[in-house]
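A quick write-up on the structure given underneath.
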Amino acid sequence: MKYAEIIYEIERRLENGEIRGGQRLPSIREMKERHSCSKSTVIRAYAELEKRHLVYAIPQSGYYAVVKKPETERPPVRAFLDFSAPSPDPGLFPYLDFQHCLNKAIDMYRSHLFAYGTPQGLPSLLNVLVRHLAGYQVFARPEQLAVTSGVQQALSILAAMPSPNGRRAVLLEQPSYHLFIQLLACHGIPAVGIARTEDGIDLDRLEHLFRTADIKLFYTTPRFHNPLGTSYSESTKKAIAELAKRYGVYIAEDDYLADLETDTKSDPIHAYAPTHVVYLKSFSKILFPGLRVGAVVLPPELRETFSRYKQLSDIDSSMLSQAALEIYIQNGMFERRKQKIVSAYRSRMLRLIRALDDCNDIPDVRHARLFSGVHTHLELPRRLPVPALLNRLNKKGIILKEIEPSFIAGFEKRSILKLSITQVEEEQVEDGIRAVFSEIKRFPVR
């Protein structure tokens with residue numbers, strides 16, 4: 001059978017090193033002539049090899065051998081247990097795969113690299129993002145999108161630009177993204193806070209602020225909140241959308257961990273109020289922060305102003321990063337890698353929750369039981385000296401950080417510890433959590 005012959009030949013050549021990792025496979029035409037078969041037979045065989053994760057395809061280039069790590073190679077054991085790290089696990093990133101996409105991007109878009117692009121983004125990437133975002137229940141046309149140098153740039157523009165509603169202040173959940181809080185303070189932009197807890201948000205309080213305060217923008221992370229890790233219910237997201245429409249407030253919906261969602265029925269706020277929601281999608285957590293590519297879906301009234309402010313900010317975002325991301329999504333690498341990362345992080349989160357359930361026998365210490373995402377939190381009694389606790393843990397090689405910068409000035413702060421699993425090996429989770437509670441018990445918290 002020709003189909004099986006082709007698979008066997010490629011497998012044999014991979015095993016004996018005749019075809020090395022990263023090397024291009026024989027072309028479909030070459031294999032067709034060598035085995036005296038149809039083109040479709042070769043394509044079917046290569047597709048099967050791709051399913052087995054032995055090869056991968058790059059559009060308009062061909063098929064390449066996947067680089068395999070030696071069986072004996074094990075990741076180094078980390079000297080510290082860093083439960084504070086926000087960045088993704090480098091061990092889960094396919095460096096060589098993305099390197100091929102970068103090389104292909106240079107090849108395909110070499111003329112673009114010597115000219116300035118557009119503030120909106122690489123047109124071919126915008127078309128890819130339209131289809132990509134539809135998978136997150138965000139439906140938009142290319143002209144509604146903008147590519148930014150990470151979500152951070154998008155937030156900076158949204159905070160600085162005037163709003164059609166004529167208001168000035170930004171409303172933030174408390175706690176919230178600390179760098180955005182610092183940005184608002186740096187530029188003298190008024191910031192207003194509203195408490196967010198494990199149970200969600202006070203919708204009556206939100207309506208009061210929308211109605212009476214000078215709110216132009218409400219910044220929220222409905223899914224896998226930073227730093228709490230919790231998510232809003234669908235009813236809460238619908239209610240927030242209705243209030244935004246009723247009072248003319250725009251919502252900046254930071255969906256930075258959308259790729260880790262396992263609930264297929266969970267929709268973003270954008271699905272309920274696209275005319276009042278700026279949807280922000282990051283690729284930093286599923287790929288790597290250095291990519292510096294974010295996607296923004298803008299309501300009609302904000303597009304022209306946002307584009308003008310962005311052009312004055314940086315003319316355009318990295319064309320090379322945009323082109324490489326386009327290729328990475330187009331050839332299916334993104335989706336395959338996403339599934340592996342979701343599986344790895346979910347396994348670590350389950351281990352973390354089991355460890356918290358086993359170790360937390362202190363009535364005054366609460367932990368959120370979350371089974372998706374990459375982090376959860378501990379809520380500690382206010383009288384517990386958090387700096388002293390963190391100092392003791394640091395001496396034991398366990399890194400945690402205060403989240404005090406996640407509160408705006410003047411807002412009542414809570415004693416919260418964020419627990420992230422992105423930089424902690426699964427087999428080290430229990431020991432780390434056991435040590436955390438051992439130190440907590442040394443303080444008189446009862």
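Each chain in the structure tokens gets a letter, A, B and so on, in the order shown; residues start at 1 in every chain, and ligands are counted from 1 in the order they appear.
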
DSSP-assigned helix (DSSP H, G or I) among stretch 205-411 of chain A, expressed as a ChimeraX atom specification: /A:205-212,234-247,258-260,269-271,289-291,300-314,319-330,333-359,386-395,404-406

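The list of residues with at least one atom within 10 Å of A:Arg337, based on only C-alpha atoms and without residues fewer than 5 positions apart in the same chain, reads A:Leu92, A:Phe93, A:Pro94, A:Ile286, A:Leu287, A:Tyr328, A:Gly332, A:Val342, A:Ser343.
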
Long-range neighbours of A:Gln423 as a PyMOL selection string, 8 Å cut-off, only C-alpha atoms, 4 positions minimum in chain: chain A and resi 81-83+85+87-89

Kindly export the residues of the current selection with C-alpha atoms, as an mmCIF file, in the first residue's frame.
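Wrote result14.cif, looks like this:
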data_model
loop_
_atom_site.group_PDB
_atom_site.id
_atom_site.type_symbol
_atom_site.label_atom_id
_atom_site.label_comp_id
_atom_site.auth_asym_id
_atom_site.auth_seq_id
_atom_site.Cartn_x
_atom_site.Cartn_y
_atom_site.Cartn_z
ATOM 1 C CA LEU A 81 9.584 27.415 43.956
ATOM 2 C CA ASP A 82 8.285 30.605 42.371
ATOM 3 C CA PHE A 83 4.536 30.886 42.991
ATOM 4 C CA ALA A 85 5.752 34.316 38.371
ATOM 5 C CA SER A 87 5.165 34.554 32.735
ATOM 6 C CA PRO A 88 4.504 31.246 30.923
ATOM 7 C CA ASP A 89 6.649 28.161 31.429
#

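Take the candidates A:Leu356, A:Ile189, A:Met319, A:Ile181 and check each one against A:Arg167 using only C-alpha atoms; the shortest distance goes to A:Ile189.
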
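Atom CA of A:Pro227 is found 22.1 Å from atom CA of A:Tyr136.
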
Can you pull out the residues contacting A:Glu15? Cut-off 12 Å, using only C-alpha atoms, and skip same-chain residues under 4 positions away; I want them as a ChimeraX atom specification. /A:8-11,19-21,54,65-68

Written selection (N, CA and C atoms) as a PDB file, in the first residue's frame:
ATOM      1  N   TYR A   8       6.242   4.663   6.284  1.00  0.00           N
ATOM      2  CA  TYR A   8       7.351   3.840   6.769  1.00  0.00           C
ATOM      3  C   TYR A   8       8.694   4.447   6.353  1.00  0.00           C
ATOM      4  N   GLU A   9       8.788   4.927   5.119  1.00  0.00           N
ATOM      5  CA  GLU A   9      10.048   5.504   4.642  1.00  0.00           C
ATOM      6  C   GLU A   9      10.454   6.717   5.470  1.00  0.00           C
ATOM      7  N   ILE A  10       9.495   7.616   5.698  1.00  0.00           N
ATOM      8  CA  ILE A  10       9.809   8.832   6.456  1.00  0.00           C
ATOM      9  C   ILE A  10      10.166   8.488   7.899  1.00  0.00           C
ATOM     10  N   GLU A  11       9.412   7.579   8.504  1.00  0.00           N
ATOM     11  CA  GLU A  11       9.715   7.177   9.879  1.00  0.00           C
ATOM     12  C   GLU A  11      11.123   6.593   9.986  1.00  0.00           C
ATOM     13  N   ILE A  19      16.967  12.186   7.994  1.00  0.00           N
ATOM     14  CA  ILE A  19      16.230  13.455   8.049  1.00  0.00           C
ATOM     15  C   ILE A  19      16.299  13.939   9.495  1.00  0.00           C
ATOM     16  N   ARG A  20      16.908  15.085   9.698  1.00  0.00           N
ATOM     17  CA  ARG A  20      17.104  15.593  11.045  1.00  0.00           C
ATOM     18  C   ARG A  20      15.995  16.575  11.423  1.00  0.00           C
ATOM     19  N   GLY A  21      15.867  16.805  12.734  1.00  0.00           N
ATOM     20  CA  GLY A  21      14.878  17.749  13.227  1.00  0.00           C
ATOM     21  C   GLY A  21      15.026  19.117  12.603  1.00  0.00           C
ATOM     22  N   LEU A  54       5.309  13.921  14.235  1.00  0.00           N
ATOM     23  CA  LEU A  54       6.640  13.655  13.691  1.00  0.00           C
ATOM     24  C   LEU A  54       7.060  14.742  12.709  1.00  0.00           C
ATOM     25  N   ALA A  65      10.577  18.164   9.655  1.00  0.00           N
ATOM     26  CA  ALA A  65      10.684  17.203  10.750  1.00  0.00           C
ATOM     27  C   ALA A  65      10.655  17.924  12.088  1.00  0.00           C
ATOM     28  N   VAL A  66       9.859  17.391  13.022  1.00  0.00           N
ATOM     29  CA  VAL A  66       9.799  17.943  14.367  1.00  0.00           C
ATOM     30  C   VAL A  66      11.077  17.568  15.109  1.00  0.00           C
ATOM     31  N   VAL A  67      11.630  18.536  15.847  1.00  0.00           N
ATOM     32  CA  VAL A  67      12.833  18.272  16.627  1.00  0.00           C
ATOM     33  C   VAL A  67      12.440  17.576  17.920  1.00  0.00           C
ATOM     34  N   LYS A  68      13.010  16.428  18.172  1.00  0.00           N
ATOM     35  CA  LYS A  68      12.720  15.649  19.365  1.00  0.00           C
ATOM     36  C   LYS A  68      13.848  15.790  20.381  1.00  0.00           C
TER      37      LYS A  68
END

Counting only C-alpha atoms, the option among A:Gln428, A:Asp97, A:Gln330, A:Arg223 closest to A:His53: A:Asp97

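Running DSSP on the backbone gives strand (DSSP E or B) for these residues within stretch 177-228 of chain A: A:Ala191, A:Val192, A:Gly193, A:Ile194, A:Ala195, A:Arg196, A:Thr197, A:Gly200, A:Ile201, A:Ile215, A:Lys216, A:Leu217, A:Phe218, A:Tyr219, A:Thr220.
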
Requested write-out: N, CA and C atoms of the selected residues, as a PDB file, in the first residue's frame:
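The file below, part20.pdb, is the result:
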ATOM      1  N   ALA A 191      -8.517  57.559  38.801  1.00  0.00           N
ATOM      2  CA  ALA A 191      -8.831  56.140  38.935  1.00  0.00           C
ATOM      3  C   ALA A 191      -9.820  55.939  40.069  1.00  0.00           C
ATOM      4  N   VAL A 192     -10.842  55.136  39.804  1.00  0.00           N
ATOM      5  CA  VAL A 192     -11.875  54.816  40.796  1.00  0.00           C
ATOM      6  C   VAL A 192     -11.894  53.308  40.970  1.00  0.00           C
ATOM      7  N   GLY A 193     -12.086  52.832  42.187  1.00  0.00           N
ATOM      8  CA  GLY A 193     -12.066  51.399  42.444  1.00  0.00           C
ATOM      9  C   GLY A 193     -13.414  50.841  42.840  1.00  0.00           C
ATOM     10  N   ILE A 194     -13.618  49.556  42.520  1.00  0.00           N
ATOM     11  CA  ILE A 194     -14.788  48.809  42.970  1.00  0.00           C
ATOM     12  C   ILE A 194     -14.301  47.427  43.390  1.00  0.00           C
ATOM     13  N   ALA A 195     -14.731  46.983  44.558  1.00  0.00           N
ATOM     14  CA  ALA A 195     -14.221  45.732  45.123  1.00  0.00           C
ATOM     15  C   ALA A 195     -14.644  44.531  44.288  1.00  0.00           C
ATOM     16  N   ARG A 196     -13.677  43.649  44.095  1.00  0.00           N
ATOM     17  CA  ARG A 196     -13.977  42.351  43.487  1.00  0.00           C
ATOM     18  C   ARG A 196     -13.471  41.273  44.435  1.00  0.00           C
ATOM     19  N   THR A 197     -14.321  40.309  44.708  1.00  0.00           N
ATOM     20  CA  THR A 197     -13.972  39.229  45.613  1.00  0.00           C
ATOM     21  C   THR A 197     -14.142  37.897  44.904  1.00  0.00           C
ATOM     22  N   GLY A 200     -17.443  37.699  43.292  1.00  0.00           N
ATOM     23  CA  GLY A 200     -17.751  38.536  42.143  1.00  0.00           C
ATOM     24  C   GLY A 200     -17.719  40.008  42.462  1.00  0.00           C
ATOM     25  N   ILE A 201     -18.712  40.747  41.964  1.00  0.00           N
ATOM     26  CA  ILE A 201     -18.745  42.204  42.081  1.00  0.00           C
ATOM     27  C   ILE A 201     -20.147  42.638  42.479  1.00  0.00           C
ATOM     28  N   ILE A 215     -17.081  58.234  34.914  1.00  0.00           N
ATOM     29  CA  ILE A 215     -16.442  57.027  34.393  1.00  0.00           C
ATOM     30  C   ILE A 215     -16.517  56.985  32.869  1.00  0.00           C
ATOM     31  N   LYS A 216     -15.336  57.003  32.221  1.00  0.00           N
ATOM     32  CA  LYS A 216     -15.317  56.845  30.765  1.00  0.00           C
ATOM     33  C   LYS A 216     -15.063  55.390  30.382  1.00  0.00           C
ATOM     34  N   LEU A 217     -14.317  54.668  31.252  1.00  0.00           N
ATOM     35  CA  LEU A 217     -13.873  53.324  30.900  1.00  0.00           C
ATOM     36  C   LEU A 217     -13.863  52.438  32.141  1.00  0.00           C
ATOM     37  N   PHE A 218     -14.406  51.237  32.018  1.00  0.00           N
ATOM     38  CA  PHE A 218     -14.349  50.253  33.102  1.00  0.00           C
ATOM     39  C   PHE A 218     -13.419  49.129  32.664  1.00  0.00           C
ATOM     40  N   TYR A 219     -12.266  49.034  33.335  1.00  0.00           N
ATOM     41  CA  TYR A 219     -11.295  47.985  33.020  1.00  0.00           C
ATOM     42  C   TYR A 219     -11.604  46.747  33.861  1.00  0.00           C
ATOM     43  N   THR A 220     -11.827  45.627  33.177  1.00  0.00           N
ATOM     44  CA  THR A 220     -12.191  44.403  33.885  1.00  0.00           C
ATOM     45  C   THR A 220     -11.514  43.187  33.255  1.00  0.00           C
TER      46      THR A 220
END

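Counting only C-alpha atoms and comparing A:Tyr3, A:Lys338, A:Val386, A:Arg211, the residue that lies closest to A:Glu404 is A:Val386.
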
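Near A:Pro405, within 10 Å and counting only C-alpha atoms, sit Pro175, Ser176, Tyr177, His178, Leu179, Ile181, Gln182, Glu402, Ile403, Phe407, Ile408, Ala409 and Lys413 of chain A, not including residues fewer than 2 positions from it in the same chain.
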
List the spatial neighbours of A:Gly62 as a PyMOL selection string - criterion: any atom at most 12 Å away, only C-alpha atoms, same-chain residues fewer than 6 positions off excluded. chain A and resi 22-30+43+46-47+50+55-56+100+104+331

For the residues selected in the previous step, produce a file with C-alpha atoms as an mmCIF file, in the first residue's frame.
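The result, stored in again.cif:
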data_model
loop_
_atom_site.group_PDB
_atom_site.id
_atom_site.type_symbol
_atom_site.label_atom_id
_atom_site.label_comp_id
_atom_site.auth_asym_id
_atom_site.auth_seq_id
_atom_site.Cartn_x
_atom_site.Cartn_y
_atom_site.Cartn_z
ATOM 1 C CA GLY A 22 13.954 20.987 11.474
ATOM 2 C CA GLN A 23 14.931 19.630 8.056
ATOM 3 C CA ARG A 24 12.504 19.892 5.143
ATOM 4 C CA LEU A 25 10.961 16.611 3.980
ATOM 5 C CA PRO A 26 10.992 15.567 0.312
ATOM 6 C CA SER A 27 8.408 17.511 -1.661
ATOM 7 C CA ILE A 28 5.020 16.025 -2.460
ATOM 8 C CA ARG A 29 5.949 15.890 -6.142
ATOM 9 C CA GLU A 30 9.205 14.079 -5.385
ATOM 10 C CA ILE A 43 -0.633 14.410 1.260
ATOM 11 C CA TYR A 46 2.184 13.426 5.454
ATOM 12 C CA ALA A 47 -1.023 14.412 7.272
ATOM 13 C CA GLU A 50 1.699 15.289 11.305
ATOM 14 C CA VAL A 55 6.363 16.435 11.115
ATOM 15 C CA TYR A 56 4.654 19.808 10.769
ATOM 16 C CA HIS A 100 10.739 28.199 11.528
ATOM 17 C CA LYS A 104 9.344 31.817 6.864
ATOM 18 C CA ASN A 331 -0.692 26.184 9.892
#
